[in-house]
Every structure is written in structure tokens, then in C-alpha cells.
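Colleague: Sharing coords.cif here; it has mmCIF, C-alpha atoms.
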```cif
data_coords
#
loop_
_atom_site.label_atom_id
_atom_site.label_comp_id
_atom_site.auth_asym_id
_atom_site.auth_seq_id
_atom_site.Cartn_x
_atom_site.Cartn_y
_atom_site.Cartn_z
CA MET L 1 0.00 0.00 0.00
CA GLU L 2 2.82 2.39 0.86
CA LEU L 3 4.53 1.61 -2.44
CA LYS L 4 1.32 2.34 -4.36
CA ALA L 5 0.85 5.62 -2.50
CA ALA L 6 4.43 6.62 -3.22
CA ALA L 7 4.02 5.76 -6.90
CA SER L 8 0.78 7.74 -7.13
CA GLN L 9 2.49 10.75 -5.58
CA ALA L 10 5.54 10.42 -7.84
CA ALA L 11 3.48 10.28 -11.06
CA PRO L 12 1.87 13.73 -10.60
CA GLY L 13 5.29 15.05 -9.65
CA ARG L 14 6.79 13.78 -12.90
CA ARG L 15 3.89 15.21 -14.89
CA SER L 16 4.29 18.55 -13.13
CA ALA L 17 8.02 18.60 -13.85
CA ALA L 18 7.41 17.82 -17.53
CA THR L 19 4.73 20.53 -17.73
CA ASP L 20 7.04 23.10 -16.16
CA LEU L 21 9.79 22.13 -18.60
CA PHE L 22 7.49 22.60 -21.60
CA LYS L 23 6.33 25.96 -20.24
CA ARG L 24 9.88 27.21 -19.84
CA ARG L 25 11.17 25.63 -23.05
CA PRO L 26 8.27 25.84 -25.56
CA GLU L 27 10.59 24.82 -28.39
CA LEU L 28 10.57 21.32 -26.86
CA VAL L 29 6.86 21.13 -27.69
CA SER L 30 7.67 21.79 -31.35
CA LEU L 31 10.50 19.25 -31.19
CA PHE L 32 8.13 16.64 -29.77
CA LEU L 33 5.53 17.48 -32.41
CA LEU L 34 8.19 17.22 -35.13
CA ALA L 35 9.20 13.75 -33.89
CA VAL L 36 5.57 12.57 -33.73
CA ILE L 37 4.88 13.78 -37.28
CA CYS L 38 8.02 12.13 -38.64
CA VAL L 39 7.25 8.79 -36.97
CA ALA L 40 3.58 8.83 -38.04
CA VAL L 41 4.36 9.69 -41.66
CA ALA L 42 7.18 7.13 -41.82
CA VAL L 43 4.73 4.44 -40.69
CA VAL L 44 2.09 5.48 -43.23
CA ASN L 45 4.54 6.16 -46.07
CA PRO L 46 8.05 4.71 -45.67
CA ALA L 47 9.17 6.80 -48.67
CA PHE L 48 9.36 9.71 -46.24
CA LEU L 49 12.62 8.33 -44.83
CA GLN L 50 14.24 7.73 -48.20
CA PRO L 51 17.48 9.66 -48.73
CA SER L 52 15.97 11.60 -51.62
CA SER L 53 13.16 12.96 -49.41
CA LEU L 54 15.51 13.86 -46.56
CA VAL L 55 17.92 15.63 -48.92
CA ASP L 56 15.04 17.53 -50.54
CA MET L 57 13.90 18.74 -47.12
CA GLY L 58 17.46 19.69 -46.23
CA ARG L 59 17.78 21.79 -49.36
CA ALA L 60 14.38 23.38 -48.81
CA SER L 61 15.29 24.43 -45.27
CA VAL L 62 18.35 26.52 -46.18
CA VAL L 63 16.76 29.74 -47.47
CA THR L 64 13.88 29.57 -44.99
CA GLY L 65 16.36 28.94 -42.19
CA LEU L 66 18.53 31.94 -43.07
CA PHE L 67 15.46 34.17 -43.16
CA ALA L 68 14.23 32.73 -39.85
CA LEU L 69 17.52 33.37 -38.02
CA GLY L 70 17.31 37.04 -39.02
CA VAL L 71 13.67 37.30 -38.00
CA PHE L 72 14.52 35.67 -34.66
CA ALA L 73 17.12 38.36 -33.95
CA ILE L 74 14.59 41.10 -34.66
CA LEU L 75 11.81 39.44 -32.64
CA ALA L 76 14.21 39.00 -29.72
CA ALA L 77 14.73 42.78 -29.76
CA GLY L 78 10.97 43.39 -29.70
CA GLY L 79 10.53 44.20 -33.38
CA ILE L 80 9.20 42.47 -36.47
CA ASP L 81 10.35 42.52 -40.09
CA VAL L 82 8.43 41.70 -43.27
CA SER L 83 10.89 43.24 -45.73
CA PHE L 84 13.54 40.49 -45.68
CA THR L 85 12.23 38.81 -48.85
CA ALA L 86 12.33 42.15 -50.68
CA ILE L 87 15.92 42.65 -49.50
CA ALA L 88 16.82 39.17 -50.75
CA ALA L 89 15.13 39.73 -54.12
CA LEU L 90 16.74 43.15 -54.68
CA THR L 91 20.16 41.87 -53.66
CA MET L 92 20.14 38.63 -55.63
CA TYR L 93 18.76 40.08 -58.87
CA SER L 94 20.83 43.27 -58.98
CA LEU L 95 24.03 41.45 -58.05
CA THR L 96 23.43 38.67 -60.59
CA LEU L 97 22.74 41.25 -63.31
CA THR L 98 25.88 43.18 -62.36
CA VAL L 99 28.05 40.07 -62.60
CA LEU L 100 26.54 39.13 -65.95
CA THR L 101 26.93 42.54 -67.57
CA VAL L 102 29.82 44.25 -65.79
CA ALA L 103 32.00 41.84 -63.82
CA PRO L 104 31.89 38.28 -65.20
CA TRP L 105 35.35 37.74 -63.67
CA MET L 106 34.07 38.15 -60.10
CA PRO L 107 34.82 35.09 -57.91
CA MET L 108 31.97 33.40 -56.04
CA SER L 109 33.45 34.31 -52.66
CA LEU L 110 33.27 38.01 -53.56
CA ILE L 111 29.69 37.61 -54.85
CA ILE L 112 28.67 36.11 -51.50
CA ILE L 113 30.44 38.87 -49.56
CA LEU L 114 28.78 41.57 -51.66
CA GLY L 115 25.39 39.91 -51.18
CA ILE L 116 25.87 39.91 -47.41
CA VAL L 117 27.11 43.53 -47.33
CA SER L 118 24.32 44.77 -49.63
CA GLY L 119 21.67 43.04 -47.53
CA ALA L 120 23.20 44.47 -44.33
CA ILE L 121 23.08 48.00 -45.75
CA LEU L 122 19.40 47.65 -46.72
CA GLY L 123 18.64 46.15 -43.31
CA ALA L 124 20.47 48.99 -41.56
CA VAL L 125 18.14 51.41 -43.39
CA ASN L 126 15.25 49.63 -41.68
CA GLY L 127 16.94 49.94 -38.30
CA LEU L 128 17.66 53.65 -38.71
CA LEU L 129 14.07 54.33 -39.77
CA VAL L 130 12.60 52.31 -36.88
CA TYR L 131 14.76 54.13 -34.33
CA GLY L 132 14.56 57.56 -35.93
CA LEU L 133 10.84 57.65 -36.65
CA ARG L 134 9.86 55.96 -33.35
CA VAL L 135 7.13 53.97 -35.10
CA PRO L 136 6.45 50.22 -34.94
CA SER L 137 8.88 48.22 -37.03
CA LEU L 138 6.00 46.43 -38.76
CA ILE L 139 4.87 49.71 -40.33
CA VAL L 140 8.41 50.67 -41.36
CA THR L 141 9.19 47.31 -42.93
CA ILE L 142 5.89 47.16 -44.80
CA GLY L 143 6.90 50.49 -46.33
CA THR L 144 10.47 49.43 -47.13
CA GLN L 145 9.21 46.13 -48.53
CA TYR L 146 7.25 48.03 -51.17
CA LEU L 147 10.12 50.51 -51.60
CA PHE L 148 12.76 47.83 -52.21
CA ARG L 149 10.53 45.86 -54.58
CA GLY L 150 9.57 49.05 -56.38
CA ILE L 151 13.23 49.97 -56.90
CA LEU L 152 13.91 46.47 -58.22
CA LEU L 153 11.02 46.35 -60.68
CA ALA L 154 11.11 50.01 -61.78
CA PHE L 155 14.86 50.64 -62.12
CA ILE L 156 16.70 47.31 -62.33
CA GLY L 157 14.62 44.80 -64.24
CA THR L 158 11.63 42.50 -64.53
CA VAL L 159 13.08 39.92 -66.93
CA TRP L 160 13.98 36.46 -65.69
CA LEU L 161 17.70 35.78 -65.94
CA MET L 162 17.78 32.20 -67.18
CA GLU L 163 21.53 32.02 -67.74
CA LEU L 164 23.57 32.70 -64.63
CA PRO L 165 27.29 33.42 -64.37
CA PRO L 166 29.20 30.10 -64.47
CA GLN L 167 30.64 30.60 -60.97
CA MET L 168 27.12 30.86 -59.51
CA VAL L 169 26.00 27.77 -61.42
CA ALA L 170 29.06 25.89 -60.14
CA PHE L 171 28.29 26.95 -56.56
CA GLY L 172 24.70 25.71 -56.90
CA LYS L 173 25.87 22.38 -58.35
CA ALA L 174 28.78 21.81 -55.94
CA SER L 175 28.23 18.54 -54.08
CA LEU L 176 28.93 17.77 -50.46
CA PHE L 177 28.43 14.10 -51.23
CA ASP L 178 26.55 11.92 -53.75
CA PHE L 179 24.93 8.52 -53.42
CA GLU L 180 22.81 6.30 -55.62
CA THR L 181 19.35 5.05 -54.78
CA ALA L 182 18.08 1.52 -55.40
CA ASN L 183 16.64 2.55 -58.77
CA GLY L 184 19.95 4.03 -59.92
CA ALA L 185 19.15 7.73 -59.40
CA THR L 186 21.91 9.95 -58.01
CA ILE L 187 21.07 12.03 -54.96
CA THR L 188 23.21 15.08 -54.24
CA LEU L 189 23.51 16.98 -50.99
CA PRO L 190 24.78 20.40 -52.11
CA VAL L 191 27.59 22.32 -50.46
CA TYR L 192 25.32 25.31 -49.88
CA PHE L 193 23.40 23.19 -47.34
CA LEU L 194 26.22 23.97 -44.89
CA VAL L 195 25.35 27.67 -45.01
CA PHE L 196 22.33 27.21 -42.74
CA PRO L 197 24.07 25.34 -39.87
CA ALA L 198 27.04 27.73 -40.14
CA ALA L 199 24.70 30.73 -39.82
CA ALA L 200 22.88 29.04 -36.91
CA ILE L 201 26.17 28.54 -35.04
CA LEU L 202 27.16 32.15 -35.69
CA THR L 203 23.78 33.39 -34.42
CA TRP L 204 24.06 31.18 -31.32
CA LEU L 205 27.51 32.59 -30.57
CA LEU L 206 26.13 36.11 -31.01
CA PHE L 207 23.36 35.60 -28.46
CA GLN L 208 25.26 33.44 -25.98
CA LYS L 209 28.75 34.88 -26.00
CA THR L 210 28.53 38.60 -26.79
CA LEU L 211 27.36 41.75 -25.05
CA MET L 212 25.25 42.59 -28.11
CA GLY L 213 23.28 39.38 -27.63
CA ARG L 214 22.45 40.36 -24.05
CA ALA L 215 21.56 43.87 -25.21
CA ILE L 216 19.15 42.48 -27.80
CA PHE L 217 17.28 40.34 -25.26
CA ALA L 218 17.27 43.21 -22.75
CA THR L 219 15.82 45.58 -25.35
CA GLY L 220 13.13 43.08 -26.29
CA GLY L 221 12.25 42.50 -22.65
CA ASN L 222 11.95 46.19 -21.74
CA ALA L 223 13.53 48.88 -23.90
CA GLU L 224 13.36 51.58 -21.21
CA VAL L 225 15.08 49.40 -18.62
CA ALA L 226 17.70 48.39 -21.21
CA ALA L 227 18.41 52.05 -21.97
CA ARG L 228 18.83 52.79 -18.25
CA LEU L 229 21.27 49.89 -18.04
CA GLY L 230 23.40 51.62 -20.65
CA TYR L 231 22.54 49.67 -23.79
CA ASP L 232 22.61 51.92 -26.87
CA GLN L 233 19.13 51.50 -28.37
CA ARG L 234 20.09 53.03 -31.70
CA LEU L 235 22.97 50.60 -32.07
CA VAL L 236 20.81 47.64 -31.10
CA HIS L 237 18.10 48.50 -33.64
CA VAL L 238 20.54 49.12 -36.46
CA PHE L 239 22.49 45.95 -35.65
CA VAL L 240 19.55 43.52 -35.54
CA PHE L 241 18.05 44.81 -38.78
CA ALA L 242 21.46 44.87 -40.48
CA PHE L 243 22.09 41.31 -39.24
CA ALA L 244 18.73 40.15 -40.62
CA GLY L 245 19.43 41.99 -43.88
CA ALA L 246 22.84 40.32 -44.20
CA LEU L 247 21.27 36.89 -43.77
CA ALA L 248 18.56 37.84 -46.29
CA GLY L 249 21.21 38.91 -48.82
CA LEU L 250 23.03 35.62 -48.31
CA ALA L 251 19.74 33.72 -48.67
CA GLY L 252 19.10 35.51 -51.96
CA ILE L 253 22.46 34.43 -53.40
CA VAL L 254 21.88 30.84 -52.27
CA HIS L 255 18.37 30.89 -53.74
CA VAL L 256 19.57 32.08 -57.15
CA SER L 257 22.46 29.61 -57.26
CA ALA L 258 20.28 26.69 -56.17
CA ASN L 259 17.52 27.44 -58.70
CA ARG L 260 19.99 28.49 -61.45
CA MET L 261 17.92 31.46 -62.46
CA ALA L 262 17.16 34.93 -61.12
CA ASN L 263 13.48 35.82 -60.96
CA PRO L 264 12.73 39.31 -59.59
CA PHE L 265 9.27 38.10 -58.52
CA ASP L 266 10.63 35.21 -56.43
CA LEU L 267 10.16 34.84 -52.65
CA VAL L 268 6.98 36.95 -52.60
CA GLY L 269 4.60 35.67 -49.92
CA SER L 270 7.11 33.58 -47.99
CA GLU L 271 7.24 36.02 -45.07
CA ILE L 272 4.45 34.45 -43.02
CA PRO L 273 5.79 30.86 -42.97
CA VAL L 274 9.20 32.22 -41.89
CA ILE L 275 7.74 34.27 -39.03
CA ALA L 276 5.55 31.29 -38.10
CA ALA L 277 8.63 29.04 -37.91
CA VAL L 278 10.29 31.44 -35.46
CA VAL L 279 7.16 31.70 -33.31
CA LEU L 280 6.72 27.92 -33.34
CA GLY L 281 10.31 27.76 -32.13
CA GLY L 282 9.32 29.53 -28.92
CA ALA L 283 9.97 33.21 -29.70
CA ARG L 284 7.32 35.71 -28.63
CA ILE L 285 6.17 38.52 -30.89
CA THR L 286 6.52 40.86 -27.89
CA GLY L 287 10.26 40.16 -27.74
CA GLY L 288 12.83 39.22 -25.13
CA THR L 289 12.58 35.44 -25.57
CA GLY L 290 13.50 32.66 -27.97
CA SER L 291 16.50 30.60 -28.93
CA VAL L 292 18.48 29.60 -31.99
CA PHE L 293 17.74 25.94 -31.29
CA GLY L 294 14.01 26.67 -31.20
CA THR L 295 14.24 28.62 -34.45
CA VAL L 296 15.97 25.70 -36.18
CA VAL L 297 13.31 23.31 -34.84
CA GLY L 298 10.56 25.65 -36.10
CA VAL L 299 12.13 25.77 -39.56
CA LEU L 300 12.38 21.98 -39.69
CA LEU L 301 8.78 21.66 -38.50
CA ILE L 302 7.44 23.96 -41.23
CA THR L 303 9.60 22.24 -43.87
CA VAL L 304 8.50 18.76 -42.80
CA VAL L 305 4.82 19.72 -42.70
CA ASN L 306 5.01 21.12 -46.23
CA ASN L 307 6.74 17.99 -47.52
CA VAL L 308 4.37 15.67 -45.67
CA LEU L 309 1.39 17.24 -47.40
CA VAL L 310 2.97 16.42 -50.75
CA LEU L 311 3.77 12.83 -49.74
CA VAL L 312 0.26 12.08 -48.51
CA GLY L 313 -1.24 13.49 -51.70
CA ILE L 314 -2.99 16.61 -50.42
CA PRO L 315 -3.66 18.92 -53.41
CA SER L 316 -1.58 22.10 -53.56
CA THR L 317 -4.76 24.20 -53.34
CA TRP L 318 -5.40 22.75 -49.87
CA GLN L 319 -1.85 22.88 -48.58
CA ARG L 320 -2.07 26.53 -47.48
CA VAL L 321 -5.32 25.76 -45.66
CA VAL L 322 -3.71 22.89 -43.76
CA VAL L 323 -0.51 24.80 -42.96
CA GLY L 324 -2.48 27.88 -41.87
CA SER L 325 -4.71 25.81 -39.58
CA PHE L 326 -1.67 24.07 -38.13
CA ILE L 327 0.01 27.39 -37.39
CA LEU L 328 -3.13 28.79 -35.74
CA LEU L 329 -3.53 25.74 -33.50
CA ALA L 330 0.12 25.75 -32.52
CA ALA L 331 0.09 29.50 -31.85
CA ALA L 332 -3.04 29.15 -29.69
CA PHE L 333 -1.31 26.41 -27.71
CA PHE L 334 1.79 28.55 -27.11
CA VAL L 335 -0.25 31.60 -26.09
CA THR L 336 -2.28 29.52 -23.63
CA ARG L 337 0.87 28.02 -22.12
CA GLN L 338 2.55 31.42 -21.81
CA ARG L 339 -0.49 32.92 -20.08
CA GLN L 340 -0.64 30.05 -17.62
CA PHE L 341 3.06 30.38 -16.89
CA HIS L 342 2.71 34.16 -16.42
CA SER L 343 -0.25 33.81 -14.05
CA GLU L 344 1.55 31.17 -11.98
CA SER L 345 4.70 33.31 -11.78
CA ILE L 346 2.63 36.23 -10.43
CA LYS L 347 1.16 34.00 -7.72
#
```
Would you write out, as C-alpha cells, the structure that this file holds?
Modeller:
Amino acid sequence: MELKAAASQAAPGRRSAATDLFKRRPELVSLFLLAVICVAVAVVNPAFLQPSSLVDMGRASVVTGLFALGVFAILAAGGIDVSFTAIAALTMYSLTLTVLTVAPWMPMSLIIILGIVSGAILGAVNGLLVYGLRVPSLIVTIGTQYLFRGILLAFIGTVWLMELPPQMVAFGKASLFDFETANGATITLPVYFLVFPAAAILTWLLFQKTLMGRAIFATGGNAEVAARLGYDQRLVHVFVFAFAGALAGLAGIVHVSANRMANPFDLVGSEIPVIAAVVLGGARITGGTGSVFGTVVGVLLITVVNNVLVLVGIPSTWQRVVVGSFILLAAAFFVTRQRQFHSESIK
């Protein structure tokens, strides 16, 4: 009887500990959900675990992941950005056109550096406007999104560039490793896949090992308190938007090289899934929270859900409905958990 009583008391304790862990680390909920989806789909359709499917999802996660890391930095500082796709489009198209017409000799390393620098400059414009105008970053970045796209379409070009510079084509084709499937097809994991984990490590180091990382979280938690602590708010705003812009510029170069064409109309409408991935990773829109690990998990979750819908045969016209419903349910879960945790912390 005593053993049964002890076991009954231990079980609620374990459940309470697990609940507290999920409340404090909401990204673990997304990780658990990701594991459940992967196992369920693998049971229903074993093709999900084939190397070709896994490599496809890995490739698909790179550009989304680079965008998401930048959005995470801005959300952590209490802002929001919807102009990153416009920055990527302007950077990738104008730089590709410049290399084609003016500097065909330019090495790929310099193209990547120029893409990062160009994106950082455009992002810094966002940061200066947000700080200088003292208006919500959502309003500023909606405006700059239209501004950057307008500059691209009105002054640079609207024609698809179907033939890229050979160095960009070579970068897109470069293989990390190849292997053959049972039916003789060759599967290639591209070198550019490494860009996402490298950027994730860099972002983690920024937030965990630097004073700027602490300043970003402090600003997102309470900007007035952060200013009293001595953190330069102008510098923080310019830095996070420049950082997100740099990652967007890099994502644009990767996108062009991977697809082997430059389309000025590309990436339109991909802002919401990126922001959703960051929120699903545990970051709050109000700022001051989140993690790089959670952002990576959110990106993988969104990527897997999109690929699962294809594997199970859901028509493309219904995929947005399913993804949107999934995001709403997950967001409602996170909000409920955060409110419960906040009310318990007050008590």
C-alpha cells in the first residue's frame, strides 16, 4: 500500500516537472511534435525516410532557415520585419545582373560577400528608420518592402535571368556528397546546405557569448530598462536589422544559385511561414525570448509539414489551408501556455 501511494504521488510530480519544462522551453513542444509527425508519416509512407526525401527537405530548409535566423534576432529585440524577402530579391537580382553585364570575372566568394554587405546596408536602413521615426517596425518594414521591390522592378529589371554566371552555377551544383538510390538515381547533398548550420552557429555565438546578444534580449524585454542599463538602443536596432538583412542577402544568393535562375518576382509571400517558424520555435512577438535551437526546430517543423502534405497526396490548393490551420492551433497552444506560466509566476 505504501509503495502504491508513493508511486501515485511520484506520477503527478513527474507530470508537473514535464509541464514546467514545456512551459519554460516551448521549443521542446515543437521538437516533440516534429518527432511525432516524422514517426507517423514514416509508418504510413516509408518513402518519407528515403534519402531523396531527406535531402530535398534539407535543401528546402536553407533559405527559410537563413530568413528565420534574421527574423529571430529582430523578434528577440521586440521588433518584427516583413521586408527580408524584398531585401533578398533586390540583392540577388541586382548582383546577378551586375556580374553578368559588368564583372563576369568576379569570384563566387566576392559575390557572396557583396550579397551579405548589400543586404546588411538595406537592413540597416530599416533599423535607422525604426529608431529615428519611433514607429512600430512592422509599419516601417511594410513600407520598405514596397520601396525595395519598387526599386527592383522600376529601375533594375523584370526579366527572368535564365543564364547565370558560371561561378554561380558551379556553386549551386557543388556537391557535399553523392549517393545512388536503389533505382539508380543519383542524390546530391549540395555544399550550400552547410550555409544554414554555419549561420545558426554564428547566431548562437552572437546571443550566448557577446554583449550585443544580451543587449538584444534586454531591449526586447523592456527597452526603457535596457536604456537605463546603458545599452545603446540606436545601435541595437541598427544591428539587428542589419544582421537580418545580411542573412537575407546571403539567402538571396543561395536561392539564385540553387535554382539556377534569377526571378525578380521570387520569394513573394514567404514572409508568413518564416515568421511562423520562429514563433513555433518559442519566440514571442513581444520580444525578449526565444532561442536559436528553437528557431531551427521551427524551420524543420514547417519544412517537414510542407513535404508531408505532398507525400500524402494533399492537393496544392489545400496545402495553405492545412498549414495555416496548423500554425493557428500551434500558436493558440503557445499563447495559452505562456499565459498560464505568467499567471503562476505572479502567484
Colleague: For stretch 16-94 of chain L against stretch 143-165 of chain L, with a cut-off of 8 Å and counting all atoms listed in the file, what is the closest atom pair and its distance in Å to one decimal for every residue that makes the cut, ordered by chain and number, as JSON lines?
Modeller:
```
{"residue": "L:Val82", "atom": "CA", "partner": "L:Gln145", "partner_atom": "CA", "distance": 6.9}
{"residue": "L:Ser83", "atom": "CA", "partner": "L:Gln145", "partner_atom": "CA", "distance": 4.4}
{"residue": "L:Phe84", "atom": "CA", "partner": "L:Gln145", "partner_atom": "CA", "distance": 7.7}
{"residue": "L:Thr85", "atom": "CA", "partner": "L:Gln145", "partner_atom": "CA", "distance": 7.9}
{"residue": "L:Ala86", "atom": "CA", "partner": "L:Gln145", "partner_atom": "CA", "distance": 5.5}
{"residue": "L:Ile87", "atom": "CA", "partner": "L:Phe148", "partner_atom": "CA", "distance": 6.6}
{"residue": "L:Ala89", "atom": "CA", "partner": "L:Arg149", "partner_atom": "CA", "distance": 7.7}
{"residue": "L:Leu90", "atom": "CA", "partner": "L:Leu152", "partner_atom": "CA", "distance": 5.6}
{"residue": "L:Ser94", "atom": "CA", "partner": "L:Ile156", "partner_atom": "CA", "distance": 6.7}
```
Colleague: With distances taken over only C-alpha atoms, which residue among L:Ile187, L:Ala246, L:Leu235, L:Pro197 lies nearest L:Ser61?
Modeller: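 Among L:Ile187, L:Ala246, L:Leu235, L:Pro197, it is L:Pro197 that comes nearest to L:Ser61.
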Colleague: Choose the residue, out of L:Val99, L:Ala124, L:Val278, L:Ala40, that has the smallest atom-to-atom separation from L:Phe241; count all atoms listed in the file.
Modeller: L:Ala124
Colleague: Just say which residues the PyMOL selection byres ((chain L and resi 29-34) around 7) picks in this file, as a list in words.
Modeller: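 Applying the PyMOL selection byres ((chain L and resi 29-34) around 7) to the structure shown produces Phe22, Pro26, Glu27, Leu28, Ala35, Val36, Ile37, Cys38, Leu280, Gly281, Val297, Gly298 and Leu301 of chain L.
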Colleague: Taking the file as shown, what set of residues would the PyMOL selection byres ((chain L and resi 192) around 12) give back, as a ChimeraX atom specification?
Modeller: /L:58-63,66,112,168-177,188-191,193-199,250-251,253-259
Colleague: Would you give me, as JSON lines, each residue of stretch 200-300 of chain L having an atom within 6 Å of an atom of stretch 70-77 of chain L, along with its shortest atom pair and that distance in Å to one decimal, using all atoms listed in the file and sorting by chain and residue number?
Modeller:
```
{"residue": "L:Ile216", "atom": "CA", "partner": "L:Ala77", "partner_atom": "CA", "distance": 4.8}
{"residue": "L:Phe217", "atom": "CA", "partner": "L:Ala76", "partner_atom": "CA", "distance": 5.6}
{"residue": "L:Thr219", "atom": "CA", "partner": "L:Ala77", "partner_atom": "CA", "distance": 5.3}
{"residue": "L:Gly220", "atom": "CA", "partner": "L:Ala77", "partner_atom": "CA", "distance": 3.8}
{"residue": "L:Val240", "atom": "CA", "partner": "L:Ile74", "partner_atom": "CA", "distance": 5.6}
{"residue": "L:Ala244", "atom": "CA", "partner": "L:Gly70", "partner_atom": "CA", "distance": 3.8}
{"residue": "L:Ile285", "atom": "CA", "partner": "L:Leu75", "partner_atom": "CA", "distance": 6.0}
{"residue": "L:Gly287", "atom": "CA", "partner": "L:Ala76", "partner_atom": "CA", "distance": 4.6}
{"residue": "L:Gly288", "atom": "CA", "partner": "L:Ala76", "partner_atom": "CA", "distance": 4.8}
{"residue": "L:Thr289", "atom": "CA", "partner": "L:Ala76", "partner_atom": "CA", "distance": 5.7}
```
Colleague: Between L:Val55, L:Val236, L:Val41, L:Leu110, which residue has the minimum interatomic distance to L:Tyr131, considering only C-alpha atoms?
Modeller: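 Distance minimum relative to L:Tyr131 lands on L:Val236.
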Colleague: Restricting the calculation to all atoms listed in the file, which member of L:Val292, L:Ile80, L:Ala218, L:Leu122 is positioned closest to L:Pro136?
Modeller: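 Nearest candidate to L:Pro136 out of L:Val292, L:Ile80, L:Ala218, L:Leu122: L:Ile80.
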Colleague: Just how far from atom CA of L:Ile314 is atom CA of L:Leu267, in Å to one decimal?
Modeller: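 Those two atoms sit 22.6 Å apart.
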Colleague: Report, in Å with one decimal, the straight-line distance from atom CA of L:Asn126 to atom CA of L:Asp81.
Modeller: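 Atom-to-atom, atom CA of L:Asn126 and atom CA of L:Asp81 are spaced 8.8 Å apart.
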Colleague: Grab the atom CA of L:Gln167 to atom CA of L:Asp266 distance for me, in Å with one decimal place.
Modeller: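 Spanning atom CA of L:Gln167 to atom CA of L:Asp266 is a straight-line distance of 21.0 Å.
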